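What follows is a short report on a single structure.
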Amino acid sequence: MVNGSSLFFKTMIVWTDIYICHLTGGREIESITAGEVSQFLESQTASKGKSTRRLIYAQVKAFFNFLINECLMDIKNPCAHPLIARQYKNPKPAAREILDKELVDQLIYSTTSDRDRLILEL
């Protein structure tokens, strides 16, 4: 069984390989621009839903935060650019429909069981 710390570092090595190959093409990580990150994210999330796009953005942002904090790299997170952050912001939840009082009363009084009626009245 692999312990959590070992699994974490193996995962980070895989992510590092993926991002360095796609983003840098062998260049230094410090030379990655926000535009390149934006192009990378668009290519990876073109056919994905909004929540999946946000998740991938959050993973890339966490990857750069990891490099900055743990590897002590003196760079600014390219994912923190306002245009990229706005493009991958959390989707707004759908507004819930509020039922009319008459409809609710009709549902309550159309139940056949006293138990169900009491539960609905709460």
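The way I read the labels, and the way they are meant: chains A, B, ... in the order of the structure tokens, residue 1 as the first residue of every chain, and ligand 1 as the first ligand shown, with later ones counted on from there.
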Exercise. If you count only C-alpha atoms, which residues fall within 8 Å of segment 68-81 of chain A, apart from same-chain ones fewer than 3 positions away, as a list in words?
Worked result: Glu30, Ile32, Thr33, Ala34, Val37, Tyr57, Val60, Lys61, Phe64, Asn65, Ile84 and Ala85 of chain A
Writing out the chosen residues with C-alpha atoms as a PDB file, in the first residue's frame:
```pdb
ATOM      1  CA  GLU A  30       9.786  30.954 -15.250  1.00  0.00           C
ATOM      2  CA  ILE A  32       5.672  30.644 -19.076  1.00  0.00           C
ATOM      3  CA  THR A  33       3.288  33.532 -19.746  1.00  0.00           C
ATOM      4  CA  ALA A  34      -0.381  33.934 -18.886  1.00  0.00           C
ATOM      5  CA  VAL A  37      -1.419  29.092 -19.935  1.00  0.00           C
ATOM      6  CA  TYR A  57      -8.095  25.487 -14.190  1.00  0.00           C
ATOM      7  CA  VAL A  60      -3.219  24.070 -13.072  1.00  0.00           C
ATOM      8  CA  LYS A  61      -3.383  26.969 -10.623  1.00  0.00           C
ATOM      9  CA  PHE A  64       1.849  26.615 -10.077  1.00  0.00           C
ATOM     10  CA  ASN A  65       1.136  27.432  -6.422  1.00  0.00           C
ATOM     11  CA  ILE A  84      -7.936  33.808 -17.061  1.00  0.00           C
ATOM     12  CA  ALA A  85      -9.549  33.815 -13.617  1.00  0.00           C
TER      13      ALA A  85
END
```
For this session: Using atom CA of Gln59 of chain A and atom CA of Glu36 of chain A as the two end points, give the distance in Å to one decimal.
Result: 15.9 Å
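The protein and nucleic acid residues lying at most 9 Å from Gln44 of chain A are Gln39, Arg53 and Ile56 of chain A, with only C-alpha atoms considered and sequence neighbours fewer than 5 positions away removed.
Nearest to Val104 of chain A of all the residues A:Phe63, A:Leu55, A:Arg117, A:Arg27 is A:Arg117, based on only C-alpha atoms.
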Set out as a Markdown table a contact list for segment 19-68 of chain A and segment 89-99 of chain A with a cut-off of 8 Å, giving each residue of segment 19-68 of chain A that qualifies its closest atom pair and distance in Å to one decimal, counting only C-alpha atoms, ordered by chain and rising residue number.
```
| residue | atom | partner | partner_atom | distance |
| --- | --- | --- | --- | --- |
| A:Lys50 | CA | A:Pro91 | CA | 6.7 |
| A:Ser51 | CA | A:Pro91 | CA | 7.0 |
| A:Arg54 | CA | A:Asn90 | CA | 6.6 |
```
